[in-house]
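Engineer: The structure file model00.cif (mmCIF, C-alpha atoms and all ligand atoms; chains and numbers go by the auth columns) is provided below.
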data_model
#
loop_
_atom_site.group_PDB
_atom_site.id
_atom_site.type_symbol
_atom_site.label_atom_id
_atom_site.label_comp_id
_atom_site.label_asym_id
_atom_site.label_seq_id
_atom_site.Cartn_x
_atom_site.Cartn_y
_atom_site.Cartn_z
_atom_site.B_iso_or_equiv
_atom_site.auth_seq_id
_atom_site.auth_asym_id
ATOM 1 C CA MET A 1 0.000 0.000 0.000 0.00 163 A
ATOM 2 C CA THR A 2 1.319 3.416 -0.929 0.00 164 A
ATOM 3 C CA GLU A 3 0.881 6.566 1.059 0.00 165 A
ATOM 4 C CA ALA A 4 -1.271 9.318 -0.374 0.00 166 A
ATOM 5 C CA THR A 5 0.747 12.186 -1.736 0.00 167 A
ATOM 6 C CA ALA A 6 0.214 15.694 -0.454 0.00 168 A
ATOM 7 C CA PRO A 7 -2.246 17.723 -2.523 0.00 169 A
ATOM 8 C CA VAL A 8 -0.637 19.922 -5.138 0.00 170 A
ATOM 9 C CA MET A 9 -1.864 23.492 -4.906 0.00 171 A
ATOM 10 C CA PRO A 10 -1.319 25.283 -8.223 0.00 172 A
ATOM 11 C CA ALA A 11 -0.016 28.845 -8.228 0.00 173 A
ATOM 12 C CA PRO A 12 -1.259 30.314 -11.510 0.00 174 A
ATOM 13 C CA ALA A 13 0.294 33.636 -12.512 0.00 175 A
ATOM 14 C CA PRO A 14 -1.982 36.662 -12.209 0.00 176 A
ATOM 15 C CA ILE A 15 -2.495 39.261 -14.925 0.00 177 A
ATOM 16 C CA VAL A 16 -0.133 42.083 -14.014 0.00 178 A
ATOM 17 C CA ASN A 17 -0.911 45.576 -15.317 0.00 179 A
ATOM 18 C CA PRO A 18 0.442 49.050 -14.490 0.00 180 A
ATOM 19 C CA GLU A 19 -2.301 49.538 -11.889 0.00 181 A
ATOM 20 C CA ASN A 20 -1.575 46.431 -9.832 0.00 182 A
ATOM 21 C CA LYS A 21 2.164 46.027 -10.547 0.00 183 A
ATOM 22 C CA PRO A 22 3.261 47.553 -7.190 0.00 184 A
ATOM 23 C CA PHE A 23 1.140 44.920 -5.441 0.00 185 A
ATOM 24 C CA TRP A 24 2.559 41.961 -7.379 0.00 186 A
ATOM 25 C CA ASP A 25 6.143 43.271 -7.231 0.00 187 A
ATOM 26 C CA ALA A 26 5.864 43.340 -3.427 0.00 188 A
ATOM 27 C CA THR A 27 4.619 39.752 -3.265 0.00 189 A
ATOM 28 C CA VAL A 28 7.899 38.542 -4.774 0.00 190 A
ATOM 29 C CA GLU A 29 9.660 40.219 -1.835 0.00 191 A
ATOM 30 C CA GLY A 30 7.296 38.497 0.609 0.00 192 A
ATOM 31 C CA ARG A 31 5.392 41.698 1.367 0.00 193 A
ATOM 32 C CA LEU A 32 1.643 42.218 1.304 0.00 194 A
ATOM 33 C CA VAL A 33 0.889 45.815 0.339 0.00 195 A
ATOM 34 C CA LEU A 34 -2.456 47.555 0.041 0.00 196 A
ATOM 35 C CA PRO A 35 -3.511 50.724 -1.761 0.00 197 A
ATOM 36 C CA LYS A 36 -4.396 53.548 0.645 0.00 198 A
ATOM 37 C CA CYS A 37 -6.221 56.472 -0.899 0.00 199 A
ATOM 38 C CA GLN A 38 -4.225 59.722 -0.784 0.00 200 A
ATOM 39 C CA ASN A 39 -7.483 61.677 -0.635 0.00 201 A
ATOM 40 C CA CYS A 40 -9.753 59.945 1.894 0.00 202 A
ATOM 41 C CA GLY A 41 -7.429 57.396 3.526 0.00 203 A
ATOM 42 C CA SER A 42 -9.545 54.391 2.588 0.00 204 A
ATOM 43 C CA ILE A 43 -7.605 51.127 2.352 0.00 205 A
ATOM 44 C CA ASN A 44 -9.029 49.260 -0.613 0.00 206 A
ATOM 45 C CA TRP A 45 -9.176 45.860 -2.195 0.00 207 A
ATOM 46 C CA TYR A 46 -8.467 44.905 -4.970 0.00 208 A
ATOM 47 C CA PRO A 47 -5.130 46.524 -5.812 0.00 209 A
ATOM 48 C CA ARG A 48 -5.625 49.584 -8.056 0.00 210 A
ATOM 49 C CA VAL A 49 -4.777 53.267 -8.220 0.00 211 A
ATOM 50 C CA PHE A 50 -8.420 54.401 -8.144 0.00 212 A
ATOM 51 C CA CYS A 51 -10.341 54.774 -4.879 0.00 213 A
ATOM 52 C CA PRO A 52 -13.827 53.220 -5.005 0.00 214 A
ATOM 53 C CA GLU A 53 -14.817 55.134 -1.852 0.00 215 A
ATOM 54 C CA CYS A 54 -14.237 58.726 -2.966 0.00 216 A
ATOM 55 C CA GLY A 55 -13.688 58.363 -6.709 0.00 217 A
ATOM 56 C CA LYS A 56 -10.206 59.928 -6.783 0.00 218 A
ATOM 57 C CA PHE A 57 -7.005 58.644 -8.329 0.00 219 A
ATOM 58 C CA GLY A 58 -3.813 58.342 -6.305 0.00 220 A
ATOM 59 C CA VAL A 59 -2.835 55.814 -3.665 0.00 221 A
ATOM 60 C CA ASP A 60 0.074 55.094 -1.382 0.00 222 A
ATOM 61 C CA TRP A 61 1.091 51.433 -1.145 0.00 223 A
ATOM 62 C CA ILE A 62 1.207 50.573 2.542 0.00 224 A
ATOM 63 C CA ASP A 63 2.671 47.451 4.109 0.00 225 A
ATOM 64 C CA ALA A 64 -0.077 45.284 5.570 0.00 226 A
ATOM 65 C CA ALA A 65 0.530 43.309 8.733 0.00 227 A
ATOM 66 C CA GLY A 66 -0.177 40.104 6.809 0.00 228 A
ATOM 67 C CA THR A 67 -2.586 38.915 9.450 0.00 229 A
ATOM 68 C CA GLY A 68 -6.332 38.577 9.485 0.00 230 A
ATOM 69 C CA THR A 69 -9.374 36.508 10.341 0.00 231 A
ATOM 70 C CA ILE A 70 -11.318 33.955 8.315 0.00 232 A
ATOM 71 C CA TYR A 71 -14.566 35.737 7.387 0.00 233 A
ATOM 72 C CA THR A 72 -16.068 32.754 5.572 0.00 234 A
ATOM 73 C CA PHE A 73 -14.849 29.724 3.649 0.00 235 A
ATOM 74 C CA ALA A 74 -15.740 26.636 1.632 0.00 236 A
ATOM 75 C CA ILE A 75 -13.926 23.335 1.330 0.00 237 A
ATOM 76 C CA THR A 76 -13.466 22.075 -2.199 0.00 238 A
ATOM 77 C CA ARG A 77 -13.159 18.305 -2.070 0.00 239 A
ATOM 78 C CA ARG A 78 -12.542 17.778 -5.766 0.00 240 A
ATOM 79 C CA GLY A 79 -10.965 20.519 -7.870 0.00 241 A
ATOM 80 C CA MET A 80 -11.197 20.952 -11.594 0.00 242 A
ATOM 81 C CA GLY A 81 -8.687 21.860 -14.302 0.00 243 A
ATOM 82 C CA ALA A 82 -5.362 22.946 -12.852 0.00 244 A
ATOM 83 C CA TYR A 83 -6.836 22.331 -9.406 0.00 245 A
ATOM 84 C CA GLY A 84 -7.835 18.748 -10.239 0.00 246 A
ATOM 85 C CA LYS A 85 -5.254 17.253 -7.888 0.00 247 A
ATOM 86 C CA ALA A 86 -5.385 20.006 -5.283 0.00 248 A
ATOM 87 C CA GLY A 87 -8.404 18.852 -3.300 0.00 249 A
ATOM 88 C CA PRO A 88 -9.389 19.024 -0.643 0.00 250 A
ATOM 89 C CA TYR A 89 -8.525 22.697 -0.346 0.00 251 A
ATOM 90 C CA VAL A 90 -10.026 25.758 1.314 0.00 252 A
ATOM 91 C CA LEU A 91 -11.339 28.772 -0.579 0.00 253 A
ATOM 92 C CA ALA A 92 -11.916 31.626 1.833 0.00 254 A
ATOM 93 C CA TYR A 93 -12.503 35.280 2.411 0.00 255 A
ATOM 94 C CA VAL A 94 -9.973 36.591 4.885 0.00 256 A
ATOM 95 C CA GLU A 95 -10.634 39.915 6.583 0.00 257 A
ATOM 96 C CA LEU A 96 -7.272 41.593 6.876 0.00 258 A
ATOM 97 C CA ASP A 97 -6.460 43.468 10.068 0.00 259 A
ATOM 98 C CA GLU A 98 -6.454 46.628 7.907 0.00 260 A
ATOM 99 C CA GLY A 99 -10.102 45.988 6.930 0.00 261 A
ATOM 100 C CA PRO A 100 -10.318 44.685 3.352 0.00 262 A
ATOM 101 C CA ARG A 101 -11.701 41.195 2.768 0.00 263 A
ATOM 102 C CA ILE A 102 -9.784 39.234 0.161 0.00 264 A
ATOM 103 C CA MET A 103 -10.561 35.963 -1.577 0.00 265 A
ATOM 104 C CA THR A 104 -7.752 33.515 -1.018 0.00 266 A
ATOM 105 C CA ASN A 105 -6.873 29.992 0.040 0.00 267 A
ATOM 106 C CA ILE A 106 -6.158 28.667 3.507 0.00 268 A
ATOM 107 C CA VAL A 107 -3.157 26.357 3.178 0.00 269 A
ATOM 108 C CA ASP A 108 -0.860 24.157 5.241 0.00 270 A
ATOM 109 C CA CYS A 109 -3.702 23.037 7.469 0.00 271 A
ATOM 110 C CA ASP A 110 -6.176 20.267 8.182 0.00 272 A
ATOM 111 C CA VAL A 111 -9.090 21.524 6.066 0.00 273 A
ATOM 112 C CA ASP A 112 -11.614 20.002 8.466 0.00 274 A
ATOM 113 C CA SER A 113 -10.236 22.005 11.388 0.00 275 A
ATOM 114 C CA ILE A 114 -10.864 25.440 9.842 0.00 276 A
ATOM 115 C CA ASN A 115 -13.455 27.717 11.462 0.00 277 A
ATOM 116 C CA ILE A 116 -14.895 31.145 10.774 0.00 278 A
ATOM 117 C CA GLY A 117 -13.074 33.567 13.031 0.00 279 A
ATOM 118 C CA ASP A 118 -9.771 31.685 13.001 0.00 280 A
ATOM 119 C CA LYS A 119 -6.693 33.910 12.967 0.00 281 A
ATOM 120 C CA VAL A 120 -4.446 33.501 9.929 0.00 282 A
ATOM 121 C CA ARG A 121 -1.234 34.934 8.535 0.00 283 A
ATOM 122 C CA VAL A 122 -0.081 35.366 4.974 0.00 284 A
ATOM 123 C CA VAL A 123 2.257 33.005 3.115 0.00 285 A
ATOM 124 C CA PHE A 124 3.363 33.469 -0.474 0.00 286 A
ATOM 125 C CA HIS A 125 3.308 30.859 -3.241 0.00 287 A
ATOM 126 C CA ASP A 126 5.698 31.725 -6.070 0.00 288 A
ATOM 127 C CA THR A 127 4.077 31.593 -9.508 0.00 289 A
ATOM 128 C CA GLY A 128 7.443 31.407 -11.251 0.00 290 A
ATOM 129 C CA SER A 129 6.447 34.452 -13.327 0.00 291 A
ATOM 130 C CA GLY A 130 7.582 37.404 -11.218 0.00 292 A
ATOM 131 C CA SER A 131 4.731 37.240 -8.738 0.00 293 A
ATOM 132 C CA ALA A 132 3.598 35.237 -5.742 0.00 294 A
ATOM 133 C CA LEU A 133 0.076 34.429 -4.592 0.00 295 A
ATOM 134 C CA PRO A 134 -0.833 35.584 -1.096 0.00 296 A
ATOM 135 C CA ARG A 135 -2.471 32.699 0.712 0.00 297 A
ATOM 136 C CA PHE A 136 -3.054 32.244 4.406 0.00 298 A
ATOM 137 C CA THR A 137 -2.293 29.680 7.061 0.00 299 A
ATOM 138 C CA PRO A 138 -3.786 29.325 10.531 0.00 300 A
ATOM 139 C CA VAL A 139 -1.957 30.933 13.412 0.00 301 A
ATOM 140 C CA SER A 140 -1.833 28.438 16.249 0.00 302 A
HETATM 141 ZN ZN ZN B . -10.571 57.748 -1.400 0.00 401 A
#
Please express what this file holds, its structure, as structure tokens.
Ligand SMILES: [Zn+2]

Structural biologist:
Amino acid sequence: MTEATAPVMPAPAPIVNPENKPFWDATVEGRLVLPKCQNCGSINWYPRVFCPECGKFGVDWIDAAGTGTIYTFAITRRGMGAYGKAGPYVLAYVELDEGPRIMTNIVDCDVDSINIGDKVRVVFHDTGSGSALPRFTPVS
């Protein structure tokens, strides 16, 4: 009898454009940055140079703590396509300590032990294309 192999979590490369490049460049350095509006101070998700709160252009890229709380999640038992061998895996919304809620994966965990409200911290999965995907792991 052979042991089951660990699930393989793909890290597909994102589409990088001039608006979100500062975000993706930081991920390669292991930093999670967020756009903070220069006009109203709102910290926004997703990464862009336009503020959806006040309608102005211009943001400062601030370093996030990289910690947050699981807002909600689903367990995918059987993935499809590139994620065909990744299951079971957790798709979640994590509420960052700075406020934004981001869709992500919870990794390096027992998927059946995840709960809403669990504290998590960011980890980065290199895409091999000049970016890394921010995913989260439980803080014990
Ligand atoms: Zn604003």

Engineer: Against range 287-302 of chain A, which residues of range 177-230 of chain A fall within 8 Å? For each one I want the closest pair of atoms and the distance in Å (one decimal), counting only C-alpha atoms, rows by chain and increasing residue number, as a Markdown table.

Structural biologist:
| residue | atom | partner | partner_atom | distance |
| --- | --- | --- | --- | --- |
| A:Trp186 | CA | A:Ser293 | CA | 5.4 |
| A:Asp187 | CA | A:Ser293 | CA | 6.4 |
| A:Thr189 | CA | A:Ala294 | CA | 5.3 |
| A:Val190 | CA | A:Ser293 | CA | 5.2 |
| A:Leu194 | CA | A:Pro296 | CA | 7.5 |

Engineer: Between CA of Ala227 in chain A and CA of Gly279 in chain A, what is the distance, to one decimal in Å?

Structural biologist: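 Between CA of Ala227 in chain A and CA of Gly279 in chain A the gap works out to 17.3 Å.
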
Engineer: Using only C-alpha atoms and all ligand atoms, which residue out of A:Val195, A:Ile264, A:Val221, A:Cys271 lies closest to ligand ZN 401 (chain A)?

Structural biologist: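 Once distances to ligand ZN 401 (chain A) are computed over only C-alpha atoms and all ligand atoms, the minimum belongs to A:Val221.
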
Engineer: Any chance you could resolve the PyMOL selection byres (((not hetatm)) within 8 of (chain A and resi 401)) against this file and give the residues as a PyMOL selection string?

Structural biologist: chain A and resi 198-204+212-219

Engineer: Given the choices A:Val284, A:Ile276, A:Ala244, A:Ala254, which gets closest to Ala173 in chain A if the distance is worked out from all atoms listed in the file?

Structural biologist: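 Comparing A:Val284, A:Ile276, A:Ala244, A:Ala254 against Ala173 in chain A, the winner is A:Ala244.
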
Engineer: Using the block above, I'd like range 205-218 of chain A written out, keeping N, CA and C atoms and formatting it as a PDB file, in the first residue's frame.

Structural biologist:
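Dumped everything to decode-v2.pdb:
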ATOM      1  N   ILE A 205      -8.484  52.230   2.769  1.00  0.00           N
ATOM      2  CA  ILE A 205      -7.605  51.127   2.352  1.00  0.00           C
ATOM      3  C   ILE A 205      -8.477  50.165   1.570  1.00  0.00           C
ATOM      4  N   ASN A 206      -8.119  49.936   0.309  1.00  0.00           N
ATOM      5  CA  ASN A 206      -9.029  49.260  -0.613  1.00  0.00           C
ATOM      6  C   ASN A 206      -8.515  47.915  -1.107  1.00  0.00           C
ATOM      7  N   TRP A 207      -9.443  47.096  -1.501  1.00  0.00           N
ATOM      8  CA  TRP A 207      -9.176  45.860  -2.195  1.00  0.00           C
ATOM      9  C   TRP A 207     -10.135  45.820  -3.361  1.00  0.00           C
ATOM     10  N   TYR A 208      -9.706  45.505  -4.531  1.00  0.00           N
ATOM     11  CA  TYR A 208      -8.467  44.905  -4.970  1.00  0.00           C
ATOM     12  C   TYR A 208      -7.431  45.963  -5.322  1.00  0.00           C
ATOM     13  N   PRO A 209      -6.188  45.558  -5.563  1.00  0.00           N
ATOM     14  CA  PRO A 209      -5.130  46.524  -5.812  1.00  0.00           C
ATOM     15  C   PRO A 209      -5.375  47.341  -7.087  1.00  0.00           C
ATOM     16  N   ARG A 210      -5.419  48.670  -6.929  1.00  0.00           N
ATOM     17  CA  ARG A 210      -5.625  49.584  -8.056  1.00  0.00           C
ATOM     18  C   ARG A 210      -5.305  50.995  -7.588  1.00  0.00           C
ATOM     19  N   VAL A 211      -5.174  51.901  -8.550  1.00  0.00           N
ATOM     20  CA  VAL A 211      -4.777  53.267  -8.220  1.00  0.00           C
ATOM     21  C   VAL A 211      -5.980  54.195  -8.081  1.00  0.00           C
ATOM     22  N   PHE A 212      -7.181  53.639  -8.224  1.00  0.00           N
ATOM     23  CA  PHE A 212      -8.420  54.401  -8.144  1.00  0.00           C
ATOM     24  C   PHE A 212      -9.117  54.045  -6.833  1.00  0.00           C
ATOM     25  N   CYS A 213      -9.662  55.040  -6.150  1.00  0.00           N
ATOM     26  CA  CYS A 213     -10.341  54.774  -4.879  1.00  0.00           C
ATOM     27  C   CYS A 213     -11.845  54.608  -5.111  1.00  0.00           C
ATOM     28  N   PRO A 214     -12.393  53.424  -4.807  1.00  0.00           N
ATOM     29  CA  PRO A 214     -13.827  53.220  -5.005  1.00  0.00           C
ATOM     30  C   PRO A 214     -14.681  53.957  -3.967  1.00  0.00           C
ATOM     31  N   GLU A 215     -14.058  54.440  -2.904  1.00  0.00           N
ATOM     32  CA  GLU A 215     -14.817  55.134  -1.852  1.00  0.00           C
ATOM     33  C   GLU A 215     -15.089  56.588  -2.203  1.00  0.00           C
ATOM     34  N   CYS A 216     -14.061  57.287  -2.708  1.00  0.00           N
ATOM     35  CA  CYS A 216     -14.237  58.726  -2.966  1.00  0.00           C
ATOM     36  C   CYS A 216     -14.125  59.083  -4.446  1.00  0.00           C
ATOM     37  N   GLY A 217     -13.725  58.116  -5.273  1.00  0.00           N
ATOM     38  CA  GLY A 217     -13.688  58.363  -6.709  1.00  0.00           C
ATOM     39  C   GLY A 217     -12.453  59.076  -7.213  1.00  0.00           C
ATOM     40  N   LYS A 218     -11.424  59.230  -6.368  1.00  0.00           N
ATOM     41  CA  LYS A 218     -10.206  59.928  -6.783  1.00  0.00           C
ATOM     42  C   LYS A 218      -9.108  58.929  -7.169  1.00  0.00           C
TER      43      LYS A 218
END
